[in-house]
>>> print(open('data19.cif').read())   # mmCIF, C-alpha atoms and all ligand atoms
data_data
loop_
_atom_site.label_atom_id
_atom_site.label_comp_id
_atom_site.auth_asym_id
_atom_site.auth_seq_id
_atom_site.Cartn_x
_atom_site.Cartn_y
_atom_site.Cartn_z
CA MET J 28 0.00 0.00 0.00
CA ASN J 29 1.04 3.57 -0.47
CA THR J 30 2.00 3.98 3.19
CA TYR J 31 5.32 5.77 2.78
CA ALA J 32 6.59 8.79 0.86
CA ARG J 33 9.75 6.94 -0.11
CA LEU J 34 12.93 8.58 -1.33
CA PRO J 35 14.16 7.44 -4.75
CA VAL J 36 17.07 5.39 -3.47
CA CYS J 37 17.49 1.72 -2.66
CA PHE J 38 20.40 0.48 -0.58
CA GLU J 39 22.00 -2.80 -1.45
CA ARG J 40 24.54 -3.26 1.31
CA GLY J 41 26.02 -1.60 4.36
CA SER J 42 29.07 -1.60 6.56
CA GLY J 43 29.42 0.34 9.80
CA ALA J 44 27.93 3.79 9.35
CA TRP J 45 27.92 3.49 5.55
CA LEU J 46 25.34 2.33 3.01
CA TRP J 47 25.77 1.69 -0.72
CA ASP J 48 23.05 2.06 -3.33
CA ALA J 49 22.57 -0.03 -6.47
CA GLU J 50 24.88 2.29 -8.46
CA GLY J 51 27.65 1.83 -5.94
CA ARG J 52 27.28 5.33 -4.48
CA ARG J 53 27.94 5.48 -0.75
CA TYR J 54 26.07 7.35 1.96
CA LEU J 55 26.91 8.17 5.55
CA ASP J 56 23.99 7.01 7.68
CA ALA J 57 23.15 9.57 10.36
CA LEU J 58 19.70 8.09 10.90
CA GLY J 59 20.46 4.39 11.45
CA GLY J 60 17.10 3.12 10.19
CA VAL J 61 15.44 5.56 12.63
CA ALA J 62 17.36 4.70 15.80
CA VAL J 63 17.58 0.99 15.01
CA CYS J 64 21.06 0.21 13.67
CA ALA J 65 22.93 1.49 16.71
CA LEU J 66 25.88 -0.78 15.96
CA GLY J 67 25.88 0.18 12.30
CA HIS J 68 25.24 -2.10 9.36
CA ALA J 69 26.52 -5.65 9.02
CA HIS J 70 28.25 -5.56 12.40
CA PRO J 71 30.41 -8.73 12.39
CA ASP J 72 29.31 -9.90 15.85
CA ILE J 73 25.61 -9.43 15.10
CA THR J 74 25.99 -11.08 11.70
CA ALA J 75 27.77 -14.04 13.29
CA ALA J 76 25.11 -14.41 16.01
CA ILE J 77 22.24 -14.29 13.50
CA ARG J 78 23.99 -16.69 11.15
CA ASP J 79 24.80 -19.15 13.91
CA GLN J 80 21.31 -19.03 15.41
CA ALA J 81 19.65 -19.38 11.99
CA GLY J 82 21.60 -22.60 11.56
CA GLN J 83 20.35 -23.95 14.91
CA LEU J 84 16.82 -22.75 15.59
CA VAL J 85 14.85 -19.72 14.42
CA HIS J 86 11.49 -20.21 16.07
CA THR J 87 9.71 -22.59 18.38
CA SER J 88 6.84 -21.10 20.37
CA ASN J 89 6.10 -19.42 23.65
CA LEU J 90 4.34 -22.67 24.52
CA TYR J 91 7.85 -23.88 25.44
CA GLN J 92 10.88 -22.62 27.31
CA VAL J 93 13.02 -20.32 25.14
CA ARG J 94 16.55 -20.22 26.49
CA HIS J 95 17.81 -17.00 24.87
CA GLN J 96 14.56 -15.25 25.78
CA GLN J 97 15.09 -16.15 29.43
CA THR J 98 18.71 -14.96 29.31
CA LEU J 99 17.71 -11.72 27.59
CA GLY J 100 14.95 -11.14 30.12
CA ASP J 101 17.46 -11.62 32.93
CA ARG J 102 19.95 -9.24 31.27
CA LEU J 103 17.41 -6.51 30.54
CA THR J 104 15.81 -6.61 33.96
CA ARG J 105 19.25 -6.41 35.56
CA LEU J 106 20.26 -3.46 33.35
CA SER J 107 17.00 -1.58 33.95
CA GLY J 108 16.13 -2.42 37.56
CA MET J 109 12.86 -4.03 36.43
CA ASP J 110 11.62 -7.48 37.56
CA ARG J 111 10.05 -9.11 34.50
CA ALA J 112 10.00 -8.87 30.73
CA PHE J 113 7.44 -9.52 28.00
CA PHE J 114 8.84 -9.82 24.46
CA CYS J 115 7.17 -8.76 21.23
CA ASN J 116 8.26 -7.56 17.79
CA SER J 117 8.00 -3.78 17.68
CA GLY J 118 7.72 -0.60 19.67
CA ALA J 119 3.99 -0.26 19.22
CA GLU J 120 3.46 -3.78 20.54
CA ALA J 121 5.65 -3.11 23.57
CA ASN J 122 3.52 -0.04 24.27
CA GLU J 123 0.32 -2.05 23.78
CA ALA J 124 1.57 -4.37 26.52
CA ALA J 125 2.22 -1.35 28.77
CA ILE J 126 -1.28 0.01 28.12
CA LYS J 127 -2.78 -3.41 28.85
CA ILE J 128 -0.82 -3.55 32.12
CA ALA J 129 -2.33 -0.18 33.08
CA ARG J 130 -5.82 -1.49 32.23
CA ARG J 131 -5.29 -4.60 34.36
CA TYR J 132 -3.97 -2.44 37.16
CA ALA J 133 -7.21 -0.43 36.93
CA SER J 134 -9.42 -3.49 36.85
CA GLY J 135 -7.72 -4.79 40.01
CA ARG J 136 -8.69 -1.53 41.69
CA ASN J 137 -12.28 -1.64 40.39
CA ILE J 138 -11.79 1.42 38.22
CA ALA J 139 -14.22 0.86 35.36
CA GLN J 140 -13.26 3.84 33.14
CA PRO J 141 -9.51 4.19 33.70
CA LYS J 142 -7.42 7.00 32.28
CA ILE J 143 -3.75 7.14 31.41
CA ILE J 144 -2.10 10.56 31.37
CA VAL J 145 -0.25 11.08 28.07
CA MET J 146 1.62 14.03 26.60
CA GLU J 147 1.19 16.53 23.81
CA GLY J 148 3.77 15.96 21.09
CA SER J 149 4.24 12.31 22.05
CA PHE J 150 4.59 9.36 19.70
CA HIS J 151 3.79 5.84 20.83
CA GLY J 152 3.05 3.92 17.62
CA ARG J 153 0.49 3.19 14.93
CA THR J 154 -1.78 0.52 16.41
CA LEU J 155 -5.18 1.80 17.51
CA ALA J 156 -4.35 2.06 21.20
CA THR J 157 -0.88 3.54 20.65
CA LEU J 158 -2.07 6.08 18.07
CA SER J 159 -4.82 7.05 20.50
CA ALA J 160 -2.11 7.64 23.13
CA THR J 161 -0.03 9.62 20.62
CA GLY J 162 -0.17 13.41 20.86
CA ASN J 163 -0.31 14.16 17.14
CA MET J 164 -3.66 14.66 15.42
CA LYS J 165 -2.21 13.88 11.98
CA ILE J 166 -1.49 10.34 13.12
CA GLN J 167 -5.02 9.93 14.50
CA GLN J 168 -6.86 11.53 11.59
CA GLY J 169 -9.39 9.26 9.92
CA PHE J 170 -8.98 6.42 12.40
CA GLY J 171 -11.77 7.27 14.81
CA PRO J 172 -13.31 6.21 17.05
CA LEU J 173 -10.07 6.29 19.01
CA VAL J 174 -9.39 4.04 21.97
CA GLU J 175 -10.74 5.74 25.08
CA GLY J 176 -8.96 6.28 28.33
CA PHE J 177 -6.18 8.75 27.58
CA THR J 178 -6.06 12.23 29.03
CA ARG J 179 -3.52 14.61 27.53
CA VAL J 180 -1.39 17.30 29.13
CA PRO J 181 1.51 19.43 27.82
CA TYR J 182 4.95 17.79 27.90
CA ASN J 183 7.41 18.91 30.57
CA ASP J 184 4.59 20.47 32.59
CA VAL J 185 4.49 19.02 36.12
CA PRO J 186 1.64 21.23 37.41
CA ALA J 187 -0.57 19.99 34.55
CA VAL J 188 -0.07 16.41 35.80
CA GLU J 189 -0.43 17.48 39.42
CA ALA J 190 -3.77 19.09 38.57
CA LEU J 191 -5.13 15.60 37.83
CA SER J 192 -4.20 14.35 41.31
CA GLY J 193 -7.77 14.32 42.57
CA ASP J 194 -9.03 12.32 39.59
CA LYS J 195 -9.76 8.83 40.87
CA SER J 196 -9.98 7.37 37.35
CA VAL J 197 -6.31 8.07 36.54
CA VAL J 198 -4.12 4.96 36.84
CA ALA J 199 -0.86 5.76 35.05
CA VAL J 200 1.40 8.36 33.45
CA PHE J 201 2.85 7.29 30.09
CA VAL J 202 5.72 9.42 28.83
CA GLU J 203 8.88 9.47 26.71
CA PRO J 204 11.94 10.62 28.74
CA VAL J 205 12.96 12.50 25.58
CA GLN J 206 10.39 13.02 22.82
CA GLY J 207 11.88 11.71 19.57
CA GLU J 208 9.28 12.06 16.81
CA GLY J 209 7.93 15.13 18.62
CA GLY J 210 11.16 17.02 17.84
CA ILE J 211 13.92 15.85 20.23
CA ASN J 212 12.21 17.57 23.15
CA ILE J 213 14.30 17.26 26.30
CA PRO J 214 12.41 17.99 29.51
CA ALA J 215 13.77 19.68 32.64
CA ALA J 216 16.32 17.53 34.49
CA ASP J 217 13.91 17.00 37.40
CA TYR J 218 10.84 16.20 35.27
CA LEU J 219 10.91 12.42 35.70
CA ALA J 220 11.63 12.69 39.42
CA ALA J 221 8.63 15.02 39.81
CA LEU J 222 6.43 12.59 37.86
CA ARG J 223 7.71 9.71 40.00
CA LYS J 224 6.68 11.61 43.15
CA LEU J 225 3.22 12.34 41.78
CA CYS J 226 2.77 8.71 40.76
CA ASP J 227 3.82 7.51 44.22
CA ARG J 228 1.52 9.95 45.94
CA ASN J 229 -1.48 8.98 43.80
CA GLY J 230 -0.88 5.26 43.35
CA TRP J 231 -0.32 5.71 39.59
CA LEU J 232 2.05 3.64 37.47
CA LEU J 233 4.93 5.54 35.89
CA MET J 234 5.29 4.03 32.41
CA LEU J 235 8.21 5.15 30.22
CA ASP J 236 8.34 4.76 26.46
CA GLU J 237 12.03 4.23 25.71
CA ILE J 238 11.49 2.74 22.27
CA GLN J 239 13.70 5.45 20.77
CA SER J 240 15.73 6.63 23.78
CA GLY J 241 16.58 3.18 25.18
CA THR J 242 19.30 0.59 24.55
CA GLY J 243 22.11 3.08 25.04
CA ARG J 244 21.16 5.95 22.75
CA THR J 245 21.43 8.68 25.37
CA GLY J 246 24.66 7.36 26.86
CA ARG J 247 22.93 5.25 29.51
CA TRP J 248 21.18 1.94 28.97
CA PHE J 249 17.92 3.82 29.42
CA ALA J 250 17.32 7.57 29.42
CA PHE J 251 15.56 7.44 32.81
CA GLN J 252 18.91 6.45 34.31
CA HIS J 253 20.02 10.08 33.99
CA ALA J 254 17.49 10.72 36.77
CA ALA J 255 17.60 8.93 40.11
CA ILE J 256 14.26 7.13 39.65
CA LEU J 257 12.81 3.82 38.55
CA PRO J 258 9.66 3.55 36.44
CA ASP J 259 7.06 0.83 37.02
CA VAL J 260 6.84 -0.05 33.34
CA LEU J 261 9.45 0.48 30.63
CA THR J 262 9.24 -0.23 26.90
CA CYS J 263 12.07 -0.64 24.43
CA ALA J 264 12.51 -1.85 20.86
CA LYS J 265 14.34 -0.24 17.89
CA ALA J 266 18.07 -0.62 18.70
CA LEU J 267 17.54 -3.73 20.81
CA GLY J 268 17.92 -6.06 17.80
CA ASN J 269 20.03 -3.76 15.58
CA GLY J 270 17.48 -4.44 12.82
CA VAL J 271 16.11 -7.82 13.83
CA PRO J 272 12.56 -6.96 14.97
CA ILE J 273 12.18 -7.19 18.74
CA GLY J 274 10.40 -5.19 21.41
CA ALA J 275 10.21 -5.58 25.16
CA CYS J 276 7.88 -4.39 27.87
CA LEU J 277 9.65 -4.51 31.23
CA ALA J 278 7.93 -4.02 34.54
CA ARG J 279 8.62 -3.92 38.25
CA GLY J 280 6.76 -4.76 41.44
CA ALA J 281 2.99 -5.18 41.23
CA ALA J 282 2.99 -4.04 37.58
CA ALA J 283 5.18 -7.04 36.68
CA GLU J 284 2.59 -9.53 37.96
CA LEU J 285 -0.53 -8.29 36.16
CA LEU J 286 -0.17 -10.21 32.90
CA GLN J 287 -0.76 -13.90 33.49
CA PRO J 288 -1.02 -16.95 31.21
CA GLY J 289 -3.83 -16.31 28.76
CA SER J 290 -3.97 -12.54 29.29
CA HIS J 291 -1.39 -11.52 26.70
CA GLY J 292 0.90 -13.11 24.16
CA SER J 293 2.69 -13.03 20.82
CA THR J 294 3.44 -15.77 18.31
CA PHE J 295 6.84 -14.43 17.28
CA GLY J 296 7.68 -12.42 20.40
CA GLY J 297 11.06 -13.29 21.90
CA ASN J 298 11.86 -16.10 19.50
CA PRO J 299 15.32 -17.67 19.55
CA LEU J 300 16.60 -15.68 16.55
CA ALA J 301 15.49 -12.25 17.76
CA THR J 302 16.59 -12.78 21.35
CA ARG J 303 19.97 -14.16 20.29
CA ALA J 304 20.50 -11.05 18.13
CA ALA J 305 19.51 -8.80 21.03
CA LEU J 306 21.90 -10.61 23.38
CA ALA J 307 24.68 -10.00 20.87
CA VAL J 308 23.74 -6.29 20.75
CA LEU J 309 23.99 -6.02 24.55
CA ASP J 310 27.30 -7.92 24.49
CA VAL J 311 28.84 -5.54 21.94
CA ILE J 312 27.58 -2.42 23.74
CA GLU J 313 29.12 -3.72 26.98
CA ARG J 314 32.37 -5.05 25.52
CA ASP J 315 33.09 -1.97 23.41
CA GLU J 316 31.95 0.45 26.12
CA LEU J 317 29.53 2.05 23.70
CA LEU J 318 27.47 3.85 26.35
CA VAL J 319 30.45 6.06 27.14
CA ARG J 320 31.16 6.33 23.42
CA ALA J 321 27.58 7.34 22.55
CA ALA J 322 27.70 10.05 25.23
CA ALA J 323 31.08 11.33 23.99
CA LEU J 324 30.02 11.30 20.34
CA GLY J 325 26.82 13.12 21.25
CA GLU J 326 28.80 15.83 23.09
CA ARG J 327 31.21 16.14 20.17
CA MET J 328 28.46 16.51 17.58
CA LEU J 329 26.42 18.87 19.74
CA ALA J 330 29.48 21.08 20.28
CA GLY J 331 30.20 21.01 16.53
CA PHE J 332 26.66 22.00 15.59
CA ARG J 333 26.57 24.71 18.25
CA LYS J 334 29.85 26.14 16.96
CA ASN J 335 28.70 26.06 13.34
CA LEU J 336 25.04 27.00 13.77
CA GLY J 337 24.74 28.63 17.20
CA LYS J 338 24.70 32.12 15.70
CA THR J 339 22.93 31.31 12.44
CA SER J 340 19.69 33.23 12.16
CA GLY J 341 16.90 30.78 11.45
CA VAL J 342 18.36 28.14 13.79
CA LYS J 343 16.18 28.22 16.90
CA ALA J 344 17.91 25.51 18.91
CA VAL J 345 20.56 22.81 18.77
CA ARG J 346 19.81 20.14 21.36
CA GLY J 347 20.62 16.57 22.15
CA CYS J 348 20.96 13.83 24.68
CA GLY J 349 23.68 11.39 23.65
CA LEU J 350 23.07 10.42 20.04
CA LEU J 351 19.52 11.71 19.98
CA LEU J 352 20.22 15.03 18.26
CA GLY J 353 17.94 17.77 16.98
CA ILE J 354 18.42 21.09 15.18
CA GLU J 355 15.27 23.17 15.26
CA LEU J 356 14.79 25.76 12.54
CA ASP J 357 12.30 28.60 12.42
CA ARG J 358 10.64 27.15 9.32
CA ASP J 359 9.59 23.84 7.77
CA CYS J 360 12.62 22.09 6.36
CA GLY J 361 11.49 18.68 5.12
CA GLU J 362 13.25 19.27 1.81
CA LEU J 363 16.60 19.10 3.62
CA VAL J 364 16.26 15.31 3.65
CA LYS J 365 16.58 15.18 -0.15
CA LEU J 366 19.33 17.80 -0.23
CA ALA J 367 21.31 15.78 2.34
CA LEU J 368 20.77 12.61 0.34
CA ALA J 369 22.28 14.34 -2.69
CA GLU J 370 25.29 15.16 -0.47
CA GLY J 371 25.55 11.53 0.57
CA VAL J 372 24.19 11.83 4.12
CA LEU J 373 21.00 10.29 5.51
CA ILE J 374 19.09 12.51 7.91
CA ASN J 375 15.48 12.95 8.98
CA VAL J 376 13.21 15.89 9.66
CA THR J 377 10.53 15.48 12.31
CA ALA J 378 7.77 17.76 13.65
CA GLY J 379 8.13 19.78 10.41
CA ARG J 380 11.11 21.85 11.39
CA VAL J 381 13.47 19.74 13.48
CA ILE J 382 16.40 18.02 11.78
CA ARG J 383 16.80 14.73 13.60
CA LEU J 384 20.00 12.70 13.72
CA LEU J 385 20.15 9.22 15.26
CA PRO J 386 23.56 7.97 14.16
CA PRO J 387 25.10 4.65 15.20
CA TYR J 388 27.25 4.44 18.35
CA ILE J 389 30.14 2.99 16.32
CA LEU J 390 30.84 6.22 14.39
CA THR J 391 34.47 7.26 14.21
CA ASP J 392 35.31 10.82 15.24
CA ALA J 393 36.01 11.60 11.58
CA GLU J 394 32.59 10.29 10.53
CA ALA J 395 30.88 12.28 13.28
CA ASP J 396 32.73 15.44 12.18
CA ARG J 397 31.84 14.80 8.57
CA ILE J 398 28.13 14.58 9.43
CA VAL J 399 28.40 17.83 11.41
CA GLU J 400 30.19 19.66 8.59
CA ILE J 401 27.90 18.49 5.79
CA VAL J 402 24.66 19.05 7.73
CA SER J 403 25.81 22.45 9.05
CA ALA J 404 26.72 23.64 5.55
CA LEU J 405 23.39 22.40 4.22
CA VAL J 406 21.44 24.20 6.93
CA GLN J 407 23.32 27.43 6.27
CA ARG J 408 22.73 27.17 2.55
CA PHE J 409 19.05 26.35 3.16
CA LEU J 410 18.63 29.38 5.39
CA GLY J 411 20.51 31.58 2.92
CA ASP J 412 22.95 32.50 5.64
CA VAL J 413 26.37 31.67 4.25
CA HIS J 414 28.88 33.04 6.75
N1 LIG O 501 7.44 4.89 20.68
C1 LIG O 501 8.41 5.72 20.29
C2 LIG O 501 8.97 6.71 21.27
C3 LIG O 501 8.90 5.68 18.98
O1 LIG O 501 9.87 6.52 18.61
C4 LIG O 501 8.37 4.72 18.09
C5 LIG O 501 8.82 4.66 16.68
O2 LIG O 501 9.32 5.61 16.13
C6 LIG O 501 7.36 3.86 18.54
C7 LIG O 501 6.93 3.97 19.84
C8 LIG O 501 6.74 2.83 17.63
O3 LIG O 501 7.64 1.84 17.36
P1 LIG O 501 7.39 0.81 16.14
O4 LIG O 501 7.46 1.62 14.89
O5 LIG O 501 8.50 -0.19 16.27
O6 LIG O 501 6.05 0.20 16.35
#
>>> encode(input="data19.cif", output="structure tokens")
Amino acid sequence: MNTYARLPVCFERGSGAWLWDAEGRRYLDALGGVAVCALGHAHPDITAAIRDQAGQLVHTSNLYQVRHQQTLGDRLTRLSGMDRAFFCNSGAEANEAAIKIARRYASGRNIAQPKIIVMEGSFHGRTLATLSATGNMKIQQGFGPLVEGFTRVPYNDVPAVEALSGDKSVVAVFVEPVQGEGGINIPAADYLAALRKLCDRNGWLLMLDEIQSGTGRTGRWFAFQHAAILPDVLTCAKALGNGVPIGACLARGAAAELLQPGSHGSTFGGNPLATRAALAVLDVIERDELLVRAAALGERMLAGFRKNLGKTSGVKAVRGCGLLLGIELDRDCGELVKLALAEGVLINVTAGRVIRLLPPYILTDAEADRIVEIVSALVQRFLGDVH
């Protein structure tokens, strides 16, 4: 179906941060399949793990024990401070599991019409429940009636959440620690801690969508780890399989016990191939100390963009958290994607006017600098401000 406005390029192979098209032209990938290929393309360890597992066992069923799934669940819960994991195949499905956990939590408290607090500018996926939770009318348009039970407040606005404190139908707060699709919106440093307090005071679940910000992108395993809090529910996907589809909904305490046999499931979720790939991803991030590297690369690129564009009129902000980078302009700039492609760099524009970069953690300094130079020059040319 005509679901995507595709660019006129088809990549045939990749290596590290580079992709090659059918004509043999190469491109520097500053988008990583939208935050997925965090270890770059054709990473030898991931390739070897997939190849080896494909030769042993790709899929059995969640009717049986799945060894790599168990190991991955143990690893992820240890890394995140959660207690249990449910595996699925995408971000939207991980968020569906989170929403279902909140509904079960409500039903256990005899709340018949439960509400989850969600944010303006958020993105949680394209299934009916997750698009209903999403704070973007364009994504909801034409799909009504939406799933009920979401109440929306502005992002990074603690008083707006606090104002709902007396509402007995609220059961959870569902929020991205950094909004990705919404424009790389980074809240105040104490935002999550304030939400945690409100959730504790009201008996609400704090549910974090780390589909985009998780698995190391911000320089920690999960973005919430920059704050001294733990969520009750945590979702991740994207970079977890470096391109092999996998999502996870992690939970802690009472929230981890709400889904029971028969109440949720997935045919493919957590199969031996996907979980083996994800284990290899975690191994490489740990072995190569890529959390520290992602943080350092993010600082380097942010500093480069600020130096090049900080005084450029038309650039409203340069912001980032690790390798989740955004350059906000004062005008729509979607056409920059094509201009960058012509220069051999893959970028994205989100929320109309925010250039979004989600490069792999394995970039060399020279590759990072090259992205900064090419994108900065493009932005200056686009804004007609050639200093
Ligand atoms: N949540 C966030 C924060 C995302 O960035 C995305 C995808 O961009 C999703 C959910 C949906 O993930 P998927 O496309 O894997 O369903």
>>> closest_atom_pairs(input="data19.cif", of="region 74-176 of chain J", to="region 279-296 of chain J", cutoff="8 Å", atoms="all atoms listed in the file", output="Markdown table")
| residue | atom | partner | partner_atom | distance |
| --- | --- | --- | --- | --- |
| J:His86 | CA | J:Phe295 | CA | 7.5 |
| J:Ser88 | CA | J:Thr294 | CA | 6.6 |
| J:Asn89 | CA | J:Thr294 | CA | 7.0 |
| J:Gly108 | CA | J:Arg279 | CA | 7.7 |
| J:Met109 | CA | J:Arg279 | CA | 4.6 |
| J:Asp110 | CA | J:Arg279 | CA | 4.7 |
| J:Arg111 | CA | J:Ala283 | CA | 5.7 |
| J:Ala112 | CA | J:Ala283 | CA | 7.9 |
| J:Phe114 | CA | J:Gly296 | CA | 5.0 |
| J:Cys115 | CA | J:Gly296 | CA | 3.8 |
| J:Asn116 | CA | J:Gly296 | CA | 5.5 |
| J:Ala124 | CA | J:His291 | CA | 7.7 |
| J:Ile128 | CA | J:Leu285 | CA | 6.2 |
| J:Ala129 | CA | J:Ala282 | CA | 8.0 |
| J:Arg131 | CA | J:Leu285 | CA | 6.3 |
| J:Tyr132 | CA | J:Leu285 | CA | 6.9 |
>>> write_last_selection(input="data19.cif", atoms="C-alpha atoms", output="PDB file, in the coordinates of the input")
ATOM      1  CA  HIS J  86      11.490 -20.210  16.070  1.00  0.00           C
ATOM      2  CA  SER J  88       6.840 -21.100  20.370  1.00  0.00           C
ATOM      3  CA  ASN J  89       6.100 -19.420  23.650  1.00  0.00           C
ATOM      4  CA  GLY J 108      16.130  -2.420  37.560  1.00  0.00           C
ATOM      5  CA  MET J 109      12.860  -4.030  36.430  1.00  0.00           C
ATOM      6  CA  ASP J 110      11.620  -7.480  37.560  1.00  0.00           C
ATOM      7  CA  ARG J 111      10.050  -9.110  34.500  1.00  0.00           C
ATOM      8  CA  ALA J 112      10.000  -8.870  30.730  1.00  0.00           C
ATOM      9  CA  PHE J 114       8.840  -9.820  24.460  1.00  0.00           C
ATOM     10  CA  CYS J 115       7.170  -8.760  21.230  1.00  0.00           C
ATOM     11  CA  ASN J 116       8.260  -7.560  17.790  1.00  0.00           C
ATOM     12  CA  ALA J 124       1.570  -4.370  26.520  1.00  0.00           C
ATOM     13  CA  ILE J 128      -0.820  -3.550  32.120  1.00  0.00           C
ATOM     14  CA  ALA J 129      -2.330  -0.180  33.080  1.00  0.00           C
ATOM     15  CA  ARG J 131      -5.290  -4.600  34.360  1.00  0.00           C
ATOM     16  CA  TYR J 132      -3.970  -2.440  37.160  1.00  0.00           C
TER      17      TYR J 132
END
>>> residues_near_ligand(input="data19.cif", ligand="ligand LIG 501 (chain O)", cutoff="9 Å", atoms="all atoms listed in the file", output="NGL selection string")
:J and (61-62 or 116-122 or 149-154 or 157 or 161 or 202-209 or 236-240 or 262-265 or 272-274)
>>> closest_residue(input="data19.cif", among="J:Gly82, J:Pro387, J:Gly171, J:Gly210", to="Asn269 (chain J)", atoms="all atoms listed in the file")
J:Pro387
>>> closest_residue(input="data19.cif", among="J:Trp231, J:Phe251, J:Tyr31, J:Phe113", to="Cys348 (chain J)", atoms="only C-alpha atoms")
J:Phe251
>>> atom_distance(input="data19.cif", atom1="CA of Gly100 (chain J)", atom2="CA of Ala75 (chain J)")
21.4 Å
>>> atom_distance(input="data19.cif", atom1="CA of Arg358 (chain J)", atom2="CA of Tyr54 (chain J)")
26.2 Å
>>> residues_near_point(input="data19.cif", point="(16.5, -5.3, 30.3)", cutoff="10 Å", atoms="all atoms listed in the file", output="VMD selection string")
chain J and resid 98 to 112 241 to 242 248 to 249 261 to 263 267 275 to 278 309
>>> atom_distance(input="data19.cif", atom1="CA of Ser192 (chain J)", atom2="CA of Ala221 (chain J)")
12.9 Å
>>> closest_residue(input="data19.cif", among="J:Arg40, J:Arg130, J:Arg52, J:Arg179", to="Gly67 (chain J)", atoms="only C-alpha atoms")
J:Arg40
>>> residues_near_point(input="data19.cif", point="(26.0, 14.1, 3.4)", cutoff="8 Å", atoms="only C-alpha atoms", output="ChimeraX atom specification")
/J:54-55,367-373,397-398,401-402
>>> residues_around(input="data19.cif", residues="Leu84 (chain J)", least_positions_apart="3", cutoff="10 Å", atoms="only C-alpha atoms", output="CSV table (one decimal) with C-alpha atoms, in the coordinates of the input")
chain,number,residue,atom,x,y,z
J,79,ASP,CA,24.8,-19.2,13.9
J,80,GLN,CA,21.3,-19.0,15.4
J,81,ALA,CA,19.6,-19.4,12.0
J,87,THR,CA,9.7,-22.6,18.4
J,298,ASN,CA,11.9,-16.1,19.5
J,299,PRO,CA,15.3,-17.7,19.6
J,300,LEU,CA,16.6,-15.7,16.6
>>> residues_around(input="data19.cif", residues="Val198 (chain J)", least_positions_apart="5", cutoff="12 Å", atoms="all atoms listed in the file", output="JSON, numbers by chain")
{"J": [126, 127, 128, 129, 130, 131, 132, 133, 134, 135, 136, 137, 138, 139, 140, 141, 142, 143, 144, 145, 176, 177, 178, 191, 192, 193, 225, 226, 227, 228, 229, 230, 231, 232, 233, 234, 259, 282]}
>>> closest_residue(input="data19.cif", among="J:Asp357, J:Lys365, J:Gly148, J:Cys37", to="Gly162 (chain J)", atoms="only C-alpha atoms")
J:Gly148
>>> closest_residue(input="data19.cif", among="J:Val399, J:Ala220, J:Asp392, J:Gly347", to="Gly331 (chain J)", atoms="only C-alpha atoms")
J:Val399
>>> closest_residue(input="data19.cif", among="J:Arg244, J:Lys334, J:Lys224, J:His68", to="Pro258 (chain J)", atoms="all atoms listed in the file")
J:Lys224
